[in-house]
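**Q** Let me begin by handing over the structure; questions about it come next.
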Amino acid sequence: MNVNFNTTVETDVDELDAAIARLEALDGKSTEAGLFGGFAAKKAMWQEYGTSRGIPARPFLRNTMYESSAKWSRSVSEDVIAVFEGELPGGAVVQRLGEQMVKDVRRTIDAGNFAPLSSNTVARKGSSRPLIDTGDMYASITHREA
C-alpha cells in the first residue's frame with residue numbers, strides 16, 4: 001500500500017515579518033505600580049512594612065502582587081497574542097497592565113483586610129478604615145514603564 005500526500009503552504013512572509021516585529025517591540029518592556037517619590041511614598045513604605053513606632057505592617061502592595069500575579073499573566077498573554085495578530089499596538093500591553101495593577105492595589109486597600117487601627121487613630125481620624133486617611137496615598141498610586 002502506498003499513500004502519497006501533496007500539500008502546499010501559502011503564507012505572506014511580509015505579514016509574518018510584521019507580526020514578529022510587533023512582538024520584538026515588546027522585548028524588554030516592563031511596568032511597575034506603586035508610589036514613586038514624595039511623602040505619600042514614605043507613608044506607603046511605613047504601612048507596607050510597619051515601623052518600630054507602633055504601625056503594624058499592612059502589606060497592600062505585596063498582597064496585591066501575590067493575589068493578582070496569575071491574573072496579570074493571563075491578561076498579558078492575551079494581549080501579546082492580540083499584538084501578534086495586529087489587533088493591539090504593542091505599547092498598549094504595558095499601559096493596560098499598569099492600569100490593571102493600579103486598580104488591583106486600590107481594590108486591596110478598599111477591601112481593608114489589615115491589622116485594625118488603634119483606638120487613638122480611629123478617634124483622631126474618625127474612621128476605622130486602615131490605609132485611608134486623607135486619600136493622598138491612595139490617589140498617588142500609579143504605574144510607570146520600568
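Residue numbering restarts at 1 for every chain of the C-alpha cells, chains are lettered A, B, ... in their displayed order, and ligands are numbered from 1 as they appear.
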Dump as a tab-separated table the rows for residues of segment 81-132 of chain A within 10 Å of segment 32-37 of chain A: closest atom pair and distance in Å with one decimal, only C-alpha atoms counted, ordered by chain and rising residue number.

**A**
```
residue	atom	partner	partner_atom	distance
A:Val94	CA	A:Glu32	CA	9.3
A:Leu97	CA	A:Glu32	CA	8.9
A:Gly98	CA	A:Ala33	CA	6.3
A:Glu99	CA	A:Ala33	CA	8.4
A:Gln100	CA	A:Ala33	CA	9.2
A:Met101	CA	A:Ala33	CA	6.1
A:Val102	CA	A:Ala33	CA	6.0
A:Lys103	CA	A:Ala33	CA	9.7
A:Asp104	CA	A:Ala33	CA	9.8
A:Val105	CA	A:Gly34	CA	8.0
```

**Q** Leaving out Leu88 of chain A and any residue of its chain fewer than 2 positions from it, which residues lie within 12 Å of it when counting only C-alpha atoms, given as a ChimeraX atom specification?

**A** /A:19,22-23,26,76,78-86,90-96

**Q** Using DSSP assignments from the backbone, pull out every residue in segment 10-121 of chain A that falls under strand (DSSP E) and give it to me as a count of residues only.

**A** 4

**Q** Could you give me the residues within segment 13-71 of chain A that DSSP places in alpha helix (DSSP H), as JSON, numbers by chain?

**A** {"A": [13, 14, 15, 16, 17, 18, 19, 20, 21, 22, 23, 24, 38, 39, 40, 41, 42, 43, 44, 45, 46, 47, 48, 49, 60, 61, 62, 63, 64, 65, 66, 67, 68, 69, 70, 71]}

**Q** For the residues in that selection, give me C-alpha atoms as a tab-separated table (two decimals), in the first residue's frame.

**A**
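Saved file out_37.tsv follows:
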```tsv
chain	number	residue	atom	x	y	z
A	13	VAL	CA	6.10	36.42	4.54
A	14	ASP	CA	5.75	40.18	4.88
A	15	GLU	CA	2.76	39.71	7.19
A	16	LEU	CA	4.70	37.24	9.32
A	17	ASP	CA	7.69	39.59	9.43
A	18	ALA	CA	5.42	42.41	10.59
A	19	ALA	CA	3.93	40.22	13.34
A	20	ILE	CA	7.40	39.26	14.54
A	21	ALA	CA	8.47	42.91	14.51
A	22	ARG	CA	5.44	43.82	16.65
A	23	LEU	CA	6.46	41.18	19.20
A	24	GLU	CA	10.11	42.24	19.14
A	38	GLY	CA	7.23	62.16	47.80
A	39	PHE	CA	5.73	61.88	51.25
A	40	ALA	CA	2.94	59.55	50.10
A	41	ALA	CA	5.60	57.02	49.07
A	42	LYS	CA	7.17	57.25	52.54
A	43	LYS	CA	3.80	56.68	54.18
A	44	ALA	CA	3.23	53.71	51.88
A	45	MET	CA	6.54	52.18	52.95
A	46	TRP	CA	5.66	52.64	56.63
A	47	GLN	CA	2.30	50.99	56.07
A	48	GLU	CA	3.67	48.19	53.88
A	49	TYR	CA	6.38	47.10	56.32
A	60	PHE	CA	-1.17	46.23	50.47
A	61	LEU	CA	1.41	46.12	47.66
A	62	ARG	CA	2.78	42.65	48.37
A	63	ASN	CA	-0.70	41.22	48.98
A	64	THR	CA	-1.88	42.59	45.66
A	65	MET	CA	1.10	41.08	43.87
A	66	TYR	CA	0.55	37.66	45.46
A	67	GLU	CA	-3.19	37.68	44.81
A	68	SER	CA	-3.15	39.13	41.28
A	69	SER	CA	0.02	37.93	39.53
A	70	ALA	CA	-1.67	34.94	37.86
A	71	LYS	CA	-4.46	37.19	36.56
```

**Q** What's around segment 125-135 of chain A at 9 Å? Count only C-alpha atoms, leave out sequence neighbours fewer than 6 positions away in its own chain, and write the answer as an NGL selection string.

**A** :A and (44 or 47 or 58 or 60 or 109-110 or 112-119)
